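Q: Structure file my_file_1.txt, compact mmCIF, C-alpha atoms, is pasted below:
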# COMPACT_ATOMS: atom_id res chain seq x y z
CA MET V 1 30.02 -7.00 -4.95
CA PRO V 2 28.64 -6.58 -1.44
CA ASP V 3 25.93 -4.05 -0.68
CA GLY V 4 26.35 -4.27 3.09
CA GLN V 5 23.29 -6.54 3.50
CA ASP V 6 23.26 -9.77 1.52
CA GLY V 7 26.29 -9.53 -0.74
CA PHE V 8 24.19 -8.69 -3.80
CA VAL V 9 24.22 -5.34 -5.56
CA PRO V 10 20.86 -4.86 -7.33
CA LEU V 11 20.56 -3.07 -10.65
CA THR V 12 18.99 0.35 -10.79
CA GLN V 13 15.65 1.03 -12.46
CA ASP V 14 17.18 2.35 -15.69
CA GLN V 15 19.19 -0.88 -16.08
CA ILE V 16 16.12 -3.14 -16.07
CA ASP V 17 14.27 -4.05 -19.25
CA GLN V 18 10.58 -3.07 -19.29
CA ARG V 19 9.68 -6.65 -20.21
CA VAL V 20 11.17 -7.82 -16.92
CA PHE V 21 9.20 -5.15 -15.07
CA ASP V 22 6.08 -6.50 -16.76
CA LEU V 23 6.91 -10.05 -15.71
CA TYR V 24 7.52 -8.87 -12.15
CA ASP V 25 4.08 -7.29 -12.16
CA GLU V 26 2.61 -10.68 -13.13
CA TYR V 27 4.62 -12.35 -10.36
CA CYS V 28 3.64 -9.75 -7.74
CA HIS V 29 -0.03 -10.21 -8.54
CA GLY V 30 0.18 -13.98 -8.17
CA ARG V 31 -0.16 -14.84 -11.84
CA MET V 32 3.18 -16.73 -11.86
CA ASP V 33 5.41 -18.20 -9.17
CA ARG V 34 8.95 -17.07 -8.38
CA ARG V 35 10.61 -19.84 -10.38
CA SER V 36 8.54 -19.04 -13.48
CA PHE V 37 9.28 -15.33 -13.06
CA LEU V 38 13.04 -15.93 -12.90
CA GLN V 39 12.98 -18.37 -15.83
CA ALA V 40 10.86 -16.10 -18.02
CA SER V 41 13.06 -13.11 -17.22
CA ALA V 42 16.20 -15.05 -18.12
CA ALA V 43 14.63 -16.01 -21.46
CA VAL V 44 13.39 -12.58 -22.47
CA THR V 45 16.73 -10.72 -22.60
CA ALA V 46 20.44 -11.03 -21.88
CA GLY V 47 20.97 -10.36 -18.20
CA GLY V 48 17.29 -10.93 -17.49
CA LEU V 49 17.95 -13.18 -14.50
CA LEU V 50 20.05 -10.50 -12.78
CA MET V 51 17.32 -7.96 -13.56
CA ALA V 52 14.71 -10.23 -12.01
CA GLN V 53 16.81 -10.88 -8.91
CA SER V 54 17.27 -7.13 -8.52
CA LEU V 55 13.52 -6.60 -8.32
CA LEU V 56 13.04 -8.90 -5.34
CA PRO V 57 12.47 -6.82 -2.18
CA ARG V 58 15.24 -6.00 0.29
CA TYR V 59 13.43 -4.69 3.30
CA ALA V 60 16.48 -3.50 5.20
CA GLN V 61 16.55 -0.64 2.69
CA ALA V 62 12.93 0.30 3.35
CA GLN V 63 13.21 1.63 6.88
CA THR V 64 13.07 5.42 6.94
CA ILE V 65 11.62 5.89 10.43
CA SER V 66 13.09 3.79 13.25
CA PHE V 67 10.67 2.06 15.61
CA THR V 68 12.58 3.86 18.39
CA ASP V 69 12.10 7.30 16.83
CA PRO V 70 11.24 9.71 19.69
CA ARG V 71 8.35 11.24 17.71
CA ILE V 72 6.31 8.03 17.86
CA LYS V 73 5.33 5.02 19.97
CA ALA V 74 4.58 1.77 18.19
CA ASN V 75 3.09 -1.51 19.34
CA TYR V 76 1.00 -4.41 18.09
CA VAL V 77 -2.64 -4.53 19.09
CA THR V 78 -5.40 -7.11 18.72
CA TYR V 79 -9.08 -6.31 18.39
CA PRO V 80 -12.37 -8.00 17.52
CA SER V 81 -13.25 -8.48 13.86
CA PRO V 82 -16.75 -9.95 13.62
CA GLY V 83 -17.45 -11.52 10.25
CA GLY V 84 -13.77 -11.63 9.34
CA ASN V 85 -11.55 -14.62 8.71
CA SER V 86 -11.13 -15.53 12.39
CA GLY V 87 -13.17 -13.05 14.41
CA MET V 88 -10.02 -11.28 15.61
CA MET V 89 -7.43 -9.04 14.00
CA ARG V 90 -3.92 -7.79 14.78
CA GLY V 91 -2.39 -4.56 13.60
CA TYR V 92 0.63 -2.32 14.00
CA LEU V 93 -0.52 0.81 15.84
CA VAL V 94 1.76 3.84 15.78
CA GLN V 95 0.89 6.90 17.85
CA PRO V 96 2.57 10.30 17.76
CA THR V 97 4.03 11.45 21.04
CA GLY V 98 1.73 13.86 22.83
CA THR V 99 -1.70 13.68 24.34
CA GLY V 100 -3.95 13.77 21.29
CA PRO V 101 -6.59 13.27 20.15
CA PHE V 102 -5.10 12.65 16.71
CA PRO V 103 -6.65 12.33 13.26
CA VAL V 104 -6.26 8.72 12.18
CA VAL V 105 -4.90 7.00 9.07
CA LEU V 106 -5.43 3.34 8.17
CA VAL V 107 -2.49 1.99 6.11
CA ILE V 108 -3.46 -1.05 4.02
CA HIS V 109 -0.85 -3.50 2.78
CA GLU V 110 -0.38 -5.05 -0.64
CA ASN V 111 -1.40 -8.63 -1.49
CA ARG V 112 1.15 -10.21 0.83
CA GLY V 113 0.39 -9.08 4.37
CA LEU V 114 1.99 -6.66 6.78
CA ASN V 115 5.60 -6.56 5.64
CA PRO V 116 8.34 -4.21 6.96
CA TYR V 117 7.73 -1.63 4.22
CA ILE V 118 4.09 -1.15 5.25
CA GLU V 119 5.07 -0.93 8.91
CA ASP V 120 7.50 1.83 7.95
CA VAL V 121 4.74 3.67 6.09
CA ALA V 122 2.65 3.59 9.28
CA ARG V 123 5.57 5.08 11.21
CA ARG V 124 5.94 7.78 8.54
CA ALA V 125 2.28 8.76 8.98
CA ALA V 126 2.63 8.86 12.76
CA ALA V 127 5.74 11.03 12.49
CA GLU V 128 3.52 13.50 10.61
CA GLY V 129 1.06 13.64 13.51
CA PHE V 130 -1.48 10.94 12.60
CA LEU V 131 -2.49 7.94 14.70
CA ALA V 132 -1.77 5.14 12.21
CA LEU V 133 -2.89 1.53 12.10
CA ALA V 134 -1.52 -1.01 9.62
CA PRO V 135 -3.65 -4.17 9.95
CA ASP V 136 -2.21 -7.56 9.06
CA GLY V 137 -4.80 -9.33 6.95
CA LEU V 138 -2.78 -12.53 7.40
CA PHE V 139 -3.28 -12.59 11.18
CA PRO V 140 -6.02 -15.26 10.88
CA ALA V 141 -3.51 -17.40 8.94
CA GLY V 142 -0.71 -16.92 11.47
CA GLY V 143 0.44 -13.44 10.44
CA TYR V 144 2.93 -12.17 7.87
CA PRO V 145 5.31 -15.14 7.47
CA GLY V 146 8.52 -13.15 7.01
CA ASN V 147 8.71 -13.35 3.22
CA ASP V 148 6.49 -12.10 0.43
CA ASP V 149 6.17 -15.36 -1.52
CA ASP V 150 4.58 -17.19 1.38
CA GLY V 151 2.64 -14.07 2.31
CA ARG V 152 1.16 -13.81 -1.17
CA ALA V 153 0.10 -17.47 -1.09
CA LEU V 154 -1.44 -17.09 2.36
CA GLN V 155 -3.40 -13.99 1.36
CA ALA V 156 -4.68 -15.64 -1.82
CA GLY V 157 -5.90 -18.56 0.28
CA LEU V 158 -8.07 -16.44 2.56
CA ASP V 159 -11.76 -15.82 2.06
CA GLN V 160 -11.51 -12.52 0.21
CA ALA V 161 -14.87 -11.12 1.35
CA LYS V 162 -13.94 -11.84 4.96
CA LEU V 163 -10.50 -10.29 4.42
CA ARG V 164 -12.14 -7.06 3.33
CA GLN V 165 -14.43 -7.29 6.34
CA ASP V 166 -11.29 -7.47 8.47
CA MET V 167 -10.10 -4.21 6.85
CA LEU V 168 -13.51 -2.61 7.45
CA ASN V 169 -13.43 -3.64 11.10
CA SER V 170 -9.87 -2.29 11.36
CA ALA V 171 -11.01 1.10 10.04
CA ARG V 172 -13.83 1.26 12.57
CA PHE V 173 -11.56 0.13 15.42
CA LEU V 174 -9.09 2.90 14.57
CA LYS V 175 -11.76 5.57 14.16
CA ALA V 176 -13.17 4.72 17.60
CA HIS V 177 -9.78 4.49 19.34
CA ALA V 178 -9.43 6.48 22.57
CA ALA V 179 -6.67 8.61 21.00
CA SER V 180 -8.64 9.25 17.78
CA SER V 181 -10.22 12.56 16.86
CA GLY V 182 -12.86 10.56 14.99
CA ARG V 183 -11.69 11.72 11.56
CA LEU V 184 -10.54 8.83 9.39
CA GLY V 185 -8.23 8.77 6.40
CA VAL V 186 -7.27 5.62 4.48
CA THR V 187 -4.31 4.92 2.24
CA GLY V 188 -3.10 1.69 0.70
CA PHE V 189 -0.91 0.21 -2.00
CA CYS V 190 -1.78 -2.17 -4.84
CA TRP V 191 -4.35 -4.51 -3.21
CA GLY V 192 -4.49 -1.96 -0.42
CA GLY V 193 -5.16 0.81 -2.94
CA GLY V 194 -8.12 -1.10 -4.33
CA THR V 195 -9.29 -1.76 -0.77
CA THR V 196 -9.01 1.96 -0.01
CA ASN V 197 -11.43 2.60 -2.87
CA TRP V 198 -13.69 -0.21 -1.60
CA LEU V 199 -13.69 1.21 1.93
CA ALA V 200 -14.60 4.65 0.58
CA ALA V 201 -17.69 3.12 -1.04
CA THR V 202 -18.48 0.92 1.96
CA LEU V 203 -17.95 3.44 4.75
CA GLY V 204 -19.58 6.39 2.99
CA ALA V 205 -19.70 9.34 5.37
CA GLU V 206 -17.76 7.42 8.06
CA MET V 207 -14.55 8.00 6.04
CA GLN V 208 -13.26 11.55 5.65
CA ALA V 209 -10.42 11.14 3.10
CA GLY V 210 -8.71 8.53 0.95
CA ALA V 211 -5.40 8.28 -0.90
CA PRO V 212 -5.14 5.03 -2.88
CA PHE V 213 -1.87 4.15 -4.62
CA TYR V 214 -2.27 2.24 -7.91
CA GLY V 215 -5.39 0.48 -6.73
CA ALA V 216 -8.25 -1.10 -8.64
CA ALA V 217 -11.21 1.22 -9.15
CA GLN V 218 -14.68 0.64 -7.79
CA PRO V 219 -17.50 -0.07 -10.27
CA ALA V 220 -19.67 2.89 -11.23
CA GLU V 221 -22.65 1.74 -9.15
CA ALA V 222 -20.49 1.70 -5.99
CA VAL V 223 -18.98 5.15 -6.60
CA ALA V 224 -22.33 6.74 -5.80
CA ARG V 225 -21.78 5.75 -2.15
CA ILE V 226 -18.38 7.46 -1.86
CA LYS V 227 -18.38 10.61 0.27
CA ALA V 228 -14.67 10.92 1.12
CA PRO V 229 -12.49 13.14 -1.09
CA LEU V 230 -10.01 10.92 -2.96
CA LEU V 231 -6.41 11.64 -3.91
CA ILE V 232 -5.60 8.94 -6.47
CA HIS V 233 -2.00 8.01 -7.38
CA TYR V 234 -1.15 6.10 -10.57
CA ALA V 235 2.09 4.87 -12.11
CA GLU V 236 2.59 5.73 -15.76
CA ASN V 237 3.50 2.15 -16.76
CA ASP V 238 0.62 0.22 -15.20
CA ALA V 239 -1.92 -0.60 -17.88
CA ASN V 240 -3.93 -3.14 -15.85
CA ILE V 241 -4.83 -0.50 -13.27
CA ASN V 242 -4.81 2.59 -15.47
CA ASN V 243 -7.28 1.11 -17.96
CA LEU V 244 -9.90 1.29 -15.19
CA TRP V 245 -9.43 5.03 -14.71
CA PRO V 246 -11.65 6.50 -17.48
CA ALA V 247 -14.80 4.80 -16.18
CA PHE V 248 -13.83 5.54 -12.57
CA GLU V 249 -13.22 9.20 -13.38
CA ALA V 250 -16.56 9.49 -15.16
CA ALA V 251 -18.38 7.97 -12.16
CA LEU V 252 -16.57 10.24 -9.69
CA LYS V 253 -17.56 13.30 -11.74
CA ALA V 254 -21.13 12.10 -12.21
CA ASN V 255 -21.51 11.69 -8.44
CA ALA V 256 -19.69 14.94 -7.57
CA VAL V 257 -17.05 13.12 -5.49
CA PRO V 258 -14.16 15.52 -4.77
CA HIS V 259 -11.02 14.00 -6.22
CA GLU V 260 -7.59 14.55 -7.72
CA ALA V 261 -5.71 12.02 -9.82
CA HIS V 262 -1.98 12.09 -10.51
CA PHE V 263 -0.04 10.01 -13.02
CA TYR V 264 3.68 9.92 -12.25
CA PRO V 265 5.87 9.94 -15.40
CA GLY V 266 8.38 7.17 -15.87
CA THR V 267 7.09 5.09 -12.96
CA GLN V 268 6.15 1.44 -12.52
CA HIS V 269 3.40 -0.10 -10.40
CA GLY V 270 4.80 -0.09 -6.88
CA PHE V 271 6.90 3.05 -7.31
CA HIS V 272 6.35 4.09 -3.69
CA ASN V 273 7.86 0.87 -2.30
CA ASN V 274 11.48 1.71 -1.55
CA SER V 275 12.61 -1.90 -1.09
CA THR V 276 12.96 -2.65 -4.84
CA PRO V 277 14.25 -0.84 -7.95
CA ARG V 278 10.65 -0.11 -8.97
CA TYR V 279 10.99 2.66 -6.39
CA GLN V 280 11.16 6.12 -7.93
CA GLU V 281 12.36 8.48 -5.25
CA ALA V 282 11.12 11.79 -6.65
CA ALA V 283 7.66 10.45 -7.51
CA ALA V 284 7.35 8.59 -4.19
CA LYS V 285 8.25 11.71 -2.20
CA LEU V 286 5.87 13.90 -4.20
CA ALA V 287 3.01 11.40 -3.84
CA TRP V 288 3.62 11.05 -0.09
CA ASP V 289 3.84 14.81 0.44
CA ARG V 290 0.57 15.22 -1.46
CA THR V 291 -1.00 12.48 0.66
CA MET V 292 0.02 14.08 3.94
CA ALA V 293 -1.23 17.48 2.76
CA TRP V 294 -4.52 15.87 1.68
CA PHE V 295 -5.01 14.29 5.08
CA ARG V 296 -4.11 17.49 6.92
CA ARG V 297 -6.67 19.30 4.79
CA TYR V 298 -9.56 16.88 5.27
CA LEU V 299 -8.85 15.34 8.68
CA ALA V 300 -8.24 18.56 10.60
Just dump the structure as structure tokens.
A:
Amino acid sequence: MPDGQDGFVPLTQDQIDQRVFDLYDEYCHGRMDRRSFLQASAAVTAGGLLMAQSLLPRYAQAQTISFTDPRIKANYVTYPSPGGNSGMMRGYLVQPTGTGPFPVVLVIHENRGLNPYIEDVARRAAAEGFLALAPDGLFPAGGYPGNDDDGRALQAGLDQAKLRQDMLNSARFLKAHAASSGRLGVTGFCWGGGTTNWLAATLGAEMQAGAPFYGAAQPAEAVARIKAPLLIHYAENDANINNLWPAFEAALKANAVPHEAHFYPGTQHGFHNNSTPRYQEAAAKLAWDRTMAWFRRYLA
């Protein structure tokens, strides 16, 4: 049953057992390897192996904005990253056509490096008029290796404090770019969502807006340093992340941090990623439209 790419027709979201989704979440977060994920899925329900195989990413599906789109110009850039994993960083910089200056958006990847989906998200932001940078945290380890399994292992093997320093340096590089208006927004997904929250606390008034997707919350004592308005996106079926929300919400309110939080019904962790059946088109579009409106509001 060919799909035009690899000869495999994946199942749709409503054909996949929630227990397999839960196992995939464990696999995505590095708590089991691919073989264990496939074996456990096969054991949990009839057809579980096919369900598991369907959840593995197919990045050819993820491109929505071509790298040759006339609205943008994209290239890879390197820049200093003192205190990071190697002292240098590389990122995918996408600029809208025109003279600028442009408000800027840092796009932070998941726990597996700068894959094609994240590059596409950077192009989407640039097509909306933002100068976008998607840093590759794996650059000090040779860069995104072309597949998520190896990328996940590489990212887990990095010094995590230095990896976050690399993201901090990336934000400051982008904010100071010659085509930047000086107004910085940050968005990210999964690990990148948690890092968006961390950058908000670390950058303070240097960051003007944030839009984390299903990211780990900052502890209450760090929330006091957040100055950027936050638009926070959560999947409905994502207990590990959502259980952190009540304390995060209380700290945001206590510190008068402007924020909105949205829980998207019927969604899984990763619902914005259109390379797997966890993707939920209506929720992903709504969350992205809200994100772009948020950045236009606070980065103007």
Q: Could you tell me how far atom CA of V:Lys175 lies from atom CA of V:His109, in Å and to one decimal?
A: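 Atom-to-atom, atom CA of V:Lys175 and atom CA of V:His109 are spaced 18.2 Å apart.
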Q: Please determine, counting all atoms listed in the file, which residue among V:Leu230, V:Arg34, V:Asn273, V:Asp148 has the shortest atom-to-atom distance to V:Arg290.
A: V:Leu230
Q: Which polymer residues have any atom within 7 Å of an atom of V:Ala211, counting only C-alpha atoms, with same-chain residues fewer than 6 positions away left out, as a ChimeraX atom specification?
A: /V:186-187,230-232,291
Q: For the selection you just gave me, I'd like the residues written to a file as a PDB file, in the coordinates of the input, keeping C-alpha atoms.
A:
ATOM      1  CA  VAL V 186      -7.270   5.620   4.480  1.00  0.00           C
ATOM      2  CA  THR V 187      -4.310   4.920   2.240  1.00  0.00           C
ATOM      3  CA  LEU V 230     -10.010  10.920  -2.960  1.00  0.00           C
ATOM      4  CA  LEU V 231      -6.410  11.640  -3.910  1.00  0.00           C
ATOM      5  CA  ILE V 232      -5.600   8.940  -6.470  1.00  0.00           C
ATOM      6  CA  THR V 291      -1.000  12.480   0.660  1.00  0.00           C
TER       7      THR V 291
END
Q: Between atom CA of V:His262 and atom CA of V:Met292, what distance in Å does the model show, to one decimal?
A: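 For atom CA of V:His262 relative to atom CA of V:Met292, the distance reads 14.7 Å.
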Q: When distances are computed from only C-alpha atoms, which of V:Ala156, V:Ala74, V:Ala201, V:Leu168 shows the smallest separation from V:Ala122?
A: V:Ala74
Q: Looking at all atoms listed in the file, which of V:Met207, V:Tyr234, V:Ala217, V:Gly266 is the one that sits closest to V:Ala247?
A: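 Nearest candidate to V:Ala247 out of V:Met207, V:Tyr234, V:Ala217, V:Gly266: V:Ala217.
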Q: Box along x, y and z, 5 Å on every side, all listed atoms of stretch 71-77 of chain V inside: centre and edge lengths in Å to one decimal, as AutoDock Vina command-line options.
A:
--center_x 2.9 --center_y 3.4 --center_z 18.8 --size_x 21.0 --size_y 25.8 --size_z 12.3
Q: Quick one: everything within 8 Å of V:Pro140, counting only C-alpha atoms, minus sequence neighbours fewer than 4 positions away in the same chain. Send it as a PyMOL selection string.
A: chain V and resi 85-86+88-89
Q: Smallest atom-to-atom distance to V:Tyr24: which of V:Glu260, V:Trp294, V:Gly270, V:Thr97, using all atoms listed in the file?
A: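 Using all atoms listed in the file, V:Tyr24 sits closest to V:Gly270.
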Q: So that I can see what lies close to V:Pro57, please list as a PDB file with C-alpha atoms, keeping the file's coordinate frame the residues with an atom at most 10 Å from it, counting only C-alpha atoms and leaving out residues fewer than 6 positions away in the same chain.
A:
ATOM      1  CA  TYR V 117       7.730  -1.630   4.220  1.00  0.00           C
ATOM      2  CA  ASN V 147       8.710 -13.350   3.220  1.00  0.00           C
ATOM      3  CA  ASP V 148       6.490 -12.100   0.430  1.00  0.00           C
ATOM      4  CA  ASN V 273       7.860   0.870  -2.300  1.00  0.00           C
ATOM      5  CA  ASN V 274      11.480   1.710  -1.550  1.00  0.00           C
ATOM      6  CA  SER V 275      12.610  -1.900  -1.090  1.00  0.00           C
ATOM      7  CA  THR V 276      12.960  -2.650  -4.840  1.00  0.00           C
ATOM      8  CA  PRO V 277      14.250  -0.840  -7.950  1.00  0.00           C
ATOM      9  CA  ARG V 278      10.650  -0.110  -8.970  1.00  0.00           C
TER      10      ARG V 278
END
Q: Can you measure atom CA of V:Arg172 to atom CA of V:Ala287 for me? One decimal in Å is fine.
A: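 We find that atom CA of V:Arg172 and atom CA of V:Ala287 lie 25.6 Å from each other.
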Q: Could you check the closest approach to V:Ala60 for each of V:Phe37, V:Glu26, V:Pro116, V:Ala42 and tell me which residue wins, using all atoms listed in the file?
A: V:Pro116
Q: Rank V:Leu252, V:Asp120, V:Phe295, V:Ala62 by their smallest atom-to-atom distance to V:Arg183, using all atoms listed in the file, and report the top residue only.
A: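 Nearest candidate to V:Arg183 out of V:Leu252, V:Asp120, V:Phe295, V:Ala62: V:Phe295.
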Q: Please write as number ranges by chain the list of polymer residues whose atoms come within 12 Å of (-12.7, -11.4, 3.4), counting only C-alpha atoms and keeping to the coordinates of the file.
A: V: 81-87, 137-138, 140, 155-169, 195
